[in-house]
Amino acid sequence: MRNLSNADCGMQNAEYKSFTPNSEFKIFRDPHSEFRNRNREDKNMTYESQKVALKYFVISAIFFGLQAIVGLLLVSKYIWPDPLIGILPFNTARAIHTNLLVVWMIFGFMGGTYYIVPEESGTELFSKKLADLQFYLLLLGGLVGIVGFLFGWTAGRPLLELPVELKWAIVIVALIFIFNVFMTMIRTKKWTAIQGMLLGGIVMLAIMWLFGIPFFKNLTLDYYYWWWVIHLWVEGAWELIAASIMAFVLLKITGVDRQIIEKWLYVEVALVLITGIIGTGHHYYWIGTPKYWLWWGGIFSALEPVPIIFMVFDTLNHVRHKKIEITNRLVLYWAVGCAIFHFIGAGVWGFAHTLPVVNRWTHGTQVTASHGHMAFFGAYAMLILTMIYYALPKLKGLEQFSQKRGFWVFWITTISMAVMGLAFGVAGVIQSYMWRGLGMDFLTVQGFMRPWFMVVLFGGLGLFTGVIIYIIDVLTLASKKN
C-alpha cells in the first residue's frame, strides 16, 4: 500500500479516506465542509458575474455625494435668507435630498446583493443582462424623478413624492431584481440563512412599496398605509437586507463558524416580524388611532437594532478567544462602527424619541431629524460602505491597496454625523419647548435655533468632505486594472 498524501486524503475538499479490514476504499465527506470553504476570505472574487456589482457601487457613491450637496443647501435655508426660494423652495429641495438618499442606498443594496448571491449560492448569476437592464432602468428612473421635482412633477406626499408612473417603474425594476436573485439561488444545492434572509428582505421591499402607490382621500387611512412604506420599508425590509449583508461580511473577514453568525439572523427575523410590525404603531399618535399603539410601538421599535450589534460583538468575541487574525482592518472598523452607530441612532435615540410622553412633543420637530440622520447613517450608509470597501478590491483583483483614504472617510464621516445629530437634537429640544410647550410663534423660535443650525452646517461640511474623499477612493479603486 502506497503512502497517502494530503491531496490523496482530500484535505482540500474535506473528504476523509480510510481502508476497511478488507482493503475496501471508503470516503467520508464532512457535511459542513462546503460552508467552511464558503466562509474563507478569498483574495479575489469567486464568480465572473459578480462584476455587475461594480457599476452599482460607483453610482451609489456619486449619488451619495449629490445628496450631501443638497443637504448643505437645505440647512443653509434655515440660517440665511434664501435667494433660490423661487427656483428651488425648501419642500422641493427636501424631496430631492430624501429621494437621493433612497436611490443611492438602493443601488448599494442591489450591488451588495449581486456580489453576495453568486458566492453564497455557489453559482454564477442567472443573468448578467437582466442585472444590467435593471441598473439602467433604475438609474433612468432616479434621474427622471429628481429632475421632475424641479418642474413640479410630484405626487405631493412627503417622502413618497415620486409620481405614480415612476412608482410603477420601480415595481418593474424590483420584479427583475427578485427574479434574477431567485433564479440564481434555486441553482444551489444547499440554502443558507444569509440567502433566505436576503431573498425575504428584497421580496418584502417590493411588497411594502406597493402600499405607497394608491392615494386615499381619507387622510387617516392614507397615512396609516403611508407608514407601512416609511416604517416597514426601513425598519422591516431594509433591516433584513442589512443583517444579511453584515453577516456575509463578518463571515468573510473573520472566518468564524457560520452557525455563530447565522443564529443572530434568526433572532433578527423574529424581531422584524414582531417588533418591526408592532413598532409601526409609534408613528400613529397624530392620525387618530387608539392610544395603546403608542406604548406598544415605542417600546418594540427600539428593539430592532439589537440583533445586529450582538451579531458583531459575539463574532468578535469568538475571534478574540480563537485568536483569529483579521487582516482587513478597514472593513472591520466599518462593520463595528456600523453596529455601534446603528444601535445609538436607531436604538437609543429612537427609543428616547418614540416614548409617548416624549413623542407627543417632539414628533415632527428637529429631534426627528436628529434621529433620522443618525439612524440612517449608522444602519445603512455605514453598512453599504462596509460592503463596498470589502467587495470593491476583490472585484478588481487587488490583493494590496492603500486603506489610508478609507480610514480618513471613516473618521471624518462618523465624527461629522455625530456633530450633526447632536446639533439637530439640541435644536429640536429648543423647538419642542418653545413652540409646543410655551406656544411661541414658529418663526420666532427659528431664531433661537439658528446657532445650532450653524453647528449642523459645520458638521455637514465635514461630512461632505468625507464623502468627496470616499467618491475619489471608490473611483480610484474601480479604475484600477485587474
# chains A, B, ... in the order shown; residues from 1 in each chain; ligands from 1
$ residues_around --residues "A:Ile186" --least-positions-apart "5" --cutoff "10 Å" --atoms "only C-alpha atoms" --output "MDAnalysis selection string"
chainID A and resid 121 123 126 181 191
$ write_last_selection --atoms "N, CA and C atoms" --output "short mmCIF file (atom, residue, chain, number, x, y, z; two decimals), in the first residue's frame"
data_model
loop_
_atom_site.label_atom_id
_atom_site.label_comp_id
_atom_site.auth_asym_id
_atom_site.auth_seq_id
_atom_site.Cartn_x
_atom_site.Cartn_y
_atom_site.Cartn_z
N SER A 121 -24.56 31.15 -3.22
CA SER A 121 -25.27 30.10 -3.95
C SER A 121 -24.32 29.12 -4.63
N THR A 123 -22.78 29.55 -7.53
CA THR A 123 -23.01 29.51 -8.97
C THR A 123 -23.00 30.92 -9.53
N PHE A 126 -27.76 34.30 -12.49
CA PHE A 126 -28.66 33.76 -13.53
C PHE A 126 -28.54 34.54 -14.83
N VAL A 181 -32.36 37.22 -8.72
CA VAL A 181 -31.80 36.67 -7.49
C VAL A 181 -32.37 35.29 -7.19
N TRP A 191 -29.21 25.70 0.83
CA TRP A 191 -29.57 27.08 1.13
C TRP A 191 -28.93 27.47 2.45
#
$ residues_around --residues "stretch 420-427 of chain A" --least-positions-apart "2" --cutoff "12 Å" --atoms "only C-alpha atoms" --output "number ranges by chain"
A: 71-72, 75, 78, 341, 344-346, 349-350, 352-353, 362, 365-378, 413-418, 429-435, 445-464
$ select_by_dssp --residues "stretch 22-171 of chain A" --states "strand (DSSP E or B)" --output "list in words"
Phe25, Lys26, Ile27, Phe28 and Arg29 of chain A
$ select_by_dssp --residues "stretch 265-332 of chain A" --states "alpha helix (DSSP H)" --output "CSV table (one decimal) with N, CA and C atoms, in the first residue's frame"
chain,number,residue,atom,x,y,z
A,265,LEU,N,-29.2,35.9,12.8
A,265,LEU,CA,-30.1,36.2,11.7
A,265,LEU,C,-31.5,35.7,12.0
A,266,TYR,N,-31.6,34.6,12.7
A,266,TYR,CA,-32.9,34.0,13.1
A,266,TYR,C,-33.6,35.0,14.1
A,267,VAL,N,-32.7,35.5,15.0
A,267,VAL,CA,-33.3,36.4,16.0
A,267,VAL,C,-33.8,37.7,15.3
A,268,GLU,N,-33.0,38.1,14.3
A,268,GLU,CA,-33.4,39.3,13.5
A,268,GLU,C,-34.7,39.1,12.8
A,269,VAL,N,-34.9,38.0,12.2
A,269,VAL,CA,-36.2,37.7,11.6
A,269,VAL,C,-37.3,37.8,12.6
A,270,ALA,N,-37.1,37.1,13.7
A,270,ALA,CA,-38.2,37.2,14.8
A,270,ALA,C,-38.5,38.6,15.2
A,271,LEU,N,-37.5,39.4,15.4
A,271,LEU,CA,-37.7,40.7,15.9
A,271,LEU,C,-38.3,41.6,14.8
A,277,ILE,N,-43.3,45.1,13.0
A,277,ILE,CA,-44.7,45.3,12.6
A,277,ILE,C,-45.4,46.1,13.8
A,278,ILE,N,-45.2,45.6,15.0
A,278,ILE,CA,-45.8,46.3,16.1
A,278,ILE,C,-45.3,47.7,16.3
A,279,GLY,N,-44.0,47.8,16.0
A,279,GLY,CA,-43.3,49.1,16.2
A,279,GLY,C,-43.8,50.2,15.3
A,292,TYR,N,-53.3,52.8,22.7
A,292,TYR,CA,-52.3,51.7,23.0
A,292,TYR,C,-51.2,51.5,22.0
A,293,TRP,N,-51.5,51.9,20.8
A,293,TRP,CA,-50.4,51.8,19.8
A,293,TRP,C,-49.2,52.6,20.1
A,294,LEU,N,-49.3,53.7,20.9
A,294,LEU,CA,-48.2,54.5,21.2
A,294,LEU,C,-47.1,53.7,22.1
A,295,TRP,N,-47.6,53.1,23.1
A,295,TRP,CA,-46.7,52.4,24.0
A,295,TRP,C,-46.2,51.1,23.4
A,296,TRP,N,-47.1,50.4,22.7
A,296,TRP,CA,-46.6,49.2,22.0
A,296,TRP,C,-45.6,49.5,21.0
A,297,GLY,N,-45.9,50.5,20.2
A,297,GLY,CA,-45.0,50.9,19.1
A,297,GLY,C,-43.6,51.4,19.6
A,298,GLY,N,-43.7,52.3,20.6
A,298,GLY,CA,-42.5,52.9,21.1
A,298,GLY,C,-41.5,52.0,21.7
A,299,ILE,N,-42.0,51.0,22.5
A,299,ILE,CA,-41.1,50.0,23.2
A,299,ILE,C,-40.6,49.0,22.2
A,300,PHE,N,-41.4,48.4,21.3
A,300,PHE,CA,-41.0,47.4,20.4
A,300,PHE,C,-40.1,47.9,19.3
A,301,SER,N,-40.3,49.1,18.9
A,301,SER,CA,-39.5,49.7,17.8
A,301,SER,C,-38.0,49.8,18.2
A,306,VAL,N,-31.0,45.5,18.0
A,306,VAL,CA,-30.3,44.7,19.0
A,306,VAL,C,-29.6,43.5,18.3
A,307,PRO,N,-30.2,42.7,17.5
A,307,PRO,CA,-29.5,41.5,16.9
A,307,PRO,C,-28.2,41.8,16.2
A,308,ILE,N,-28.2,43.0,15.4
A,308,ILE,CA,-27.0,43.2,14.6
A,308,ILE,C,-25.8,43.6,15.5
A,309,ILE,N,-26.1,44.4,16.6
A,309,ILE,CA,-24.9,44.7,17.5
A,309,ILE,C,-24.5,43.5,18.2
A,310,PHE,N,-25.4,42.6,18.6
A,310,PHE,CA,-25.0,41.3,19.3
A,310,PHE,C,-24.3,40.4,18.3
A,311,MET,N,-24.7,40.4,17.0
A,311,MET,CA,-24.0,39.6,16.0
A,311,MET,C,-22.6,40.0,15.9
A,312,VAL,N,-22.3,41.3,15.8
A,312,VAL,CA,-21.0,41.8,15.6
A,312,VAL,C,-20.1,41.5,16.8
A,313,PHE,N,-20.6,41.8,18.0
A,313,PHE,CA,-19.7,41.6,19.1
A,313,PHE,C,-19.6,40.2,19.6
A,314,ASP,N,-20.6,39.4,19.3
A,314,ASP,CA,-20.5,37.9,19.5
A,314,ASP,C,-19.4,37.3,18.6
A,315,THR,N,-19.4,37.8,17.4
A,315,THR,CA,-18.4,37.3,16.4
A,315,THR,C,-17.0,37.8,16.8
A,316,LEU,N,-16.9,39.0,17.2
A,316,LEU,CA,-15.6,39.5,17.7
A,316,LEU,C,-15.1,38.8,19.0
A,317,ASN,N,-16.0,38.4,19.8
A,317,ASN,CA,-15.7,37.6,21.0
A,317,ASN,C,-15.1,36.3,20.6
A,318,HIS,N,-15.7,35.6,19.6
A,318,HIS,CA,-15.1,34.3,19.1
A,318,HIS,C,-13.8,34.5,18.5
A,319,VAL,N,-13.6,35.6,17.7
A,319,VAL,CA,-12.4,36.0,17.1
A,319,VAL,C,-11.3,36.1,18.2
A,320,ARG,N,-11.6,36.8,19.3
A,320,ARG,CA,-10.6,37.0,20.3
A,320,ARG,C,-10.2,35.7,21.0
A,321,HIS,N,-11.2,34.9,21.3
A,321,HIS,CA,-11.0,33.6,22.0
A,321,HIS,C,-10.2,32.6,21.2
A,322,LYS,N,-10.5,32.6,19.9
A,322,LYS,CA,-9.8,31.7,19.0
A,322,LYS,C,-8.5,32.3,18.4
A,329,ARG,N,-8.4,45.4,8.3
A,329,ARG,CA,-8.8,46.2,9.4
A,329,ARG,C,-9.8,47.3,9.0
A,330,LEU,N,-9.7,47.8,7.8
A,330,LEU,CA,-10.6,48.9,7.4
A,330,LEU,C,-12.0,48.4,7.4
A,331,VAL,N,-12.3,47.2,6.8
A,331,VAL,CA,-13.7,46.7,6.8
A,331,VAL,C,-14.1,46.4,8.2
A,332,LEU,N,-13.2,45.9,9.1
A,332,LEU,CA,-13.6,45.7,10.5
A,332,LEU,C,-14.0,46.9,11.2
$ residues_around --residues "A:Glu262" --least-positions-apart "3" --cutoff "8 Å" --atoms "only C-alpha atoms" --output "ChimeraX atom specification"
/A:193-194,247,258-259,265-266
$ write_last_selection --atoms "N, CA and C atoms" --output "PDB file, in the first residue's frame"
ATOM      1  N   ALA A 193     -28.799  30.575   5.645  1.00  0.00           N
ATOM      2  CA  ALA A 193     -29.662  31.567   6.283  1.00  0.00           C
ATOM      3  C   ALA A 193     -29.479  32.944   5.641  1.00  0.00           C
ATOM      4  N   ILE A 194     -28.258  33.225   5.196  1.00  0.00           N
ATOM      5  CA  ILE A 194     -27.999  34.511   4.544  1.00  0.00           C
ATOM      6  C   ILE A 194     -28.801  34.625   3.266  1.00  0.00           C
ATOM      7  N   ALA A 247     -23.832  39.916   8.007  1.00  0.00           N
ATOM      8  CA  ALA A 247     -23.452  38.536   8.311  1.00  0.00           C
ATOM      9  C   ALA A 247     -22.445  38.008   7.286  1.00  0.00           C
ATOM     10  N   ARG A 258     -20.008  29.516  10.613  1.00  0.00           N
ATOM     11  CA  ARG A 258     -21.231  30.116  10.088  1.00  0.00           C
ATOM     12  C   ARG A 258     -22.363  30.098  11.106  1.00  0.00           C
ATOM     13  N   GLN A 259     -22.445  29.019  11.895  1.00  0.00           N
ATOM     14  CA  GLN A 259     -23.551  28.903  12.841  1.00  0.00           C
ATOM     15  C   GLN A 259     -23.539  30.005  13.887  1.00  0.00           C
ATOM     16  N   LEU A 265     -29.180  35.916  12.800  1.00  0.00           N
ATOM     17  CA  LEU A 265     -30.098  36.210  11.702  1.00  0.00           C
ATOM     18  C   LEU A 265     -31.506  35.720  12.030  1.00  0.00           C
ATOM     19  N   TYR A 266     -31.586  34.560  12.688  1.00  0.00           N
ATOM     20  CA  TYR A 266     -32.900  34.048  13.071  1.00  0.00           C
ATOM     21  C   TYR A 266     -33.552  34.963  14.115  1.00  0.00           C
TER      22      TYR A 266
END
$ atom_distance --atom1 "atom CA of A:Trp153" --atom2 "atom CA of A:Phe63"
20.3 Å
$ closest_atom_pairs --of "stretch 139-193 of chain A" --to "stretch 200-206 of chain A" --cutoff "12 Å" --atoms "only C-alpha atoms" --output "Markdown table"
| residue | atom | partner | partner_atom | distance |
| --- | --- | --- | --- | --- |
| A:Lys167 | CA | A:Ala206 | CA | 10.9 |
| A:Trp168 | CA | A:Ala206 | CA | 10.8 |
| A:Ala169 | CA | A:Ala206 | CA | 11.8 |
| A:Ile170 | CA | A:Ala206 | CA | 8.8 |
| A:Val171 | CA | A:Ala206 | CA | 6.8 |
| A:Ile172 | CA | A:Ala206 | CA | 9.6 |
| A:Val173 | CA | A:Ala206 | CA | 9.5 |
| A:Ala174 | CA | A:Ala206 | CA | 6.0 |
| A:Leu175 | CA | A:Ala206 | CA | 7.7 |
| A:Ile176 | CA | A:Ala206 | CA | 10.8 |
| A:Phe177 | CA | A:Ile202 | CA | 8.4 |
| A:Ile178 | CA | A:Val203 | CA | 6.7 |
| A:Phe179 | CA | A:Val203 | CA | 9.9 |
| A:Asn180 | CA | A:Ile202 | CA | 11.5 |
| A:Val181 | CA | A:Ile202 | CA | 9.3 |
| A:Phe182 | CA | A:Val203 | CA | 10.0 |
| A:Ala193 | CA | A:Gly200 | CA | 10.4 |
$ write_last_selection --atoms "N, CA and C atoms" --output "short mmCIF file (atom, residue, chain, number, x, y, z; two decimals), in the first residue's frame"
data_model
loop_
_atom_site.label_atom_id
_atom_site.label_comp_id
_atom_site.auth_asym_id
_atom_site.auth_seq_id
_atom_site.Cartn_x
_atom_site.Cartn_y
_atom_site.Cartn_z
N LYS A 167 -43.38 55.23 -9.73
CA LYS A 167 -43.50 54.19 -8.70
C LYS A 167 -43.75 52.82 -9.33
N TRP A 168 -44.57 52.78 -10.39
CA TRP A 168 -44.79 51.51 -11.09
C TRP A 168 -43.53 51.07 -11.83
N ALA A 169 -42.75 52.03 -12.31
CA ALA A 169 -41.48 51.69 -12.96
C ALA A 169 -40.53 51.03 -11.96
N ILE A 170 -40.56 51.52 -10.72
CA ILE A 170 -39.72 50.91 -9.68
C ILE A 170 -40.19 49.50 -9.36
N VAL A 171 -41.50 49.27 -9.43
CA VAL A 171 -42.03 47.91 -9.24
C VAL A 171 -41.44 46.97 -10.29
N ILE A 172 -41.37 47.42 -11.53
CA ILE A 172 -40.79 46.60 -12.61
C ILE A 172 -39.33 46.28 -12.31
N VAL A 173 -38.57 47.30 -11.87
CA VAL A 173 -37.17 47.09 -11.51
C VAL A 173 -37.05 46.06 -10.39
N ALA A 174 -37.92 46.18 -9.38
CA ALA A 174 -37.89 45.26 -8.24
C ALA A 174 -38.21 43.83 -8.68
N LEU A 175 -39.15 43.67 -9.60
CA LEU A 175 -39.50 42.32 -10.08
C LEU A 175 -38.34 41.69 -10.84
N ILE A 176 -37.66 42.48 -11.65
CA ILE A 176 -36.47 41.98 -12.36
C ILE A 176 -35.42 41.53 -11.34
N PHE A 177 -35.22 42.34 -10.34
CA PHE A 177 -34.24 42.05 -9.29
C PHE A 177 -34.57 40.75 -8.56
N ILE A 178 -35.80 40.63 -8.12
CA ILE A 178 -36.23 39.43 -7.39
C ILE A 178 -36.09 38.19 -8.27
N PHE A 179 -36.54 38.29 -9.51
CA PHE A 179 -36.46 37.15 -10.43
C PHE A 179 -35.01 36.70 -10.63
N ASN A 180 -34.13 37.64 -10.87
CA ASN A 180 -32.73 37.31 -11.11
C ASN A 180 -32.08 36.66 -9.89
N VAL A 181 -32.36 37.22 -8.72
CA VAL A 181 -31.80 36.67 -7.49
C VAL A 181 -32.37 35.29 -7.19
N PHE A 182 -33.68 35.14 -7.33
CA PHE A 182 -34.32 33.85 -7.04
C PHE A 182 -33.84 32.76 -7.99
N ALA A 193 -28.80 30.58 5.64
CA ALA A 193 -29.66 31.57 6.28
C ALA A 193 -29.48 32.94 5.64
#
$ residues_around --residues "A:Met382" --least-positions-apart "4" --cutoff "8 Å" --atoms "only C-alpha atoms" --output "ChimeraX atom specification"
/A:334-335,337-338,377-378,386
$ residues_around --residues "stretch 104-107 of chain A" --least-positions-apart "4" --cutoff "6 Å" --atoms "only C-alpha atoms" --output "list in words"
Tyr56, Ser60, Phe63 and Phe64 of chain A
$ decode --residues "stretch 273-296 of chain A" --atoms "N, CA and C atoms" --output "compact mmCIF listing (two decimals), in the first residue's frame"
# COMPACT_ATOMS: atom_id res chain seq x y z
N LEU A 273 -40.38 40.56 12.47
CA LEU A 273 -41.78 40.14 12.36
C LEU A 273 -42.60 40.59 13.57
N ILE A 274 -41.94 40.67 14.74
CA ILE A 274 -42.67 41.05 15.96
C ILE A 274 -42.53 42.54 16.22
N THR A 275 -41.28 42.98 16.45
CA THR A 275 -41.09 44.38 16.83
C THR A 275 -41.27 45.32 15.65
N GLY A 276 -40.87 44.88 14.44
CA GLY A 276 -40.98 45.76 13.29
C GLY A 276 -42.42 46.11 12.97
N ILE A 277 -43.28 45.09 12.97
CA ILE A 277 -44.68 45.31 12.63
C ILE A 277 -45.39 46.06 13.75
N ILE A 278 -45.20 45.59 14.99
CA ILE A 278 -45.85 46.27 16.12
C ILE A 278 -45.27 47.67 16.28
N GLY A 279 -43.95 47.80 16.01
CA GLY A 279 -43.30 49.09 16.18
C GLY A 279 -43.83 50.18 15.27
N THR A 280 -44.53 49.79 14.21
CA THR A 280 -45.14 50.79 13.33
C THR A 280 -46.06 51.71 14.11
N GLY A 281 -46.62 51.20 15.19
CA GLY A 281 -47.58 51.97 15.97
C GLY A 281 -47.03 53.23 16.59
N HIS A 282 -45.69 53.34 16.74
CA HIS A 282 -45.17 54.54 17.40
C HIS A 282 -45.30 55.78 16.51
N HIS A 283 -45.72 55.59 15.27
CA HIS A 283 -45.95 56.73 14.37
C HIS A 283 -47.41 57.19 14.39
N TYR A 284 -48.25 56.47 15.10
CA TYR A 284 -49.68 56.67 14.91
C TYR A 284 -50.31 57.74 15.81
N TYR A 285 -49.52 58.43 16.60
CA TYR A 285 -50.09 59.38 17.56
C TYR A 285 -50.91 60.46 16.86
N TRP A 286 -50.45 60.89 15.69
CA TRP A 286 -51.03 62.06 15.03
C TRP A 286 -52.17 61.72 14.07
N ILE A 287 -52.52 60.47 13.88
CA ILE A 287 -53.52 60.16 12.85
C ILE A 287 -54.79 59.53 13.41
N GLY A 288 -54.97 59.58 14.72
CA GLY A 288 -56.25 59.20 15.29
C GLY A 288 -56.44 57.74 15.61
N THR A 289 -55.39 56.94 15.65
CA THR A 289 -55.53 55.53 16.02
C THR A 289 -55.56 55.39 17.54
N PRO A 290 -55.98 54.23 18.07
CA PRO A 290 -56.11 54.06 19.53
C PRO A 290 -54.80 54.32 20.28
N LYS A 291 -54.91 54.76 21.53
CA LYS A 291 -53.75 55.16 22.33
C LYS A 291 -52.75 54.02 22.56
N TYR A 292 -53.26 52.79 22.67
CA TYR A 292 -52.35 51.69 23.03
C TYR A 292 -51.23 51.49 22.02
N TRP A 293 -51.46 51.95 20.78
CA TRP A 293 -50.42 51.79 19.76
C TRP A 293 -49.16 52.58 20.13
N LEU A 294 -49.31 53.66 20.87
CA LEU A 294 -48.15 54.49 21.21
C LEU A 294 -47.14 53.73 22.05
N TRP A 295 -47.62 53.11 23.14
CA TRP A 295 -46.70 52.40 24.03
C TRP A 295 -46.17 51.14 23.36
N TRP A 296 -47.06 50.39 22.73
CA TRP A 296 -46.60 49.19 22.05
C TRP A 296 -45.56 49.54 20.99
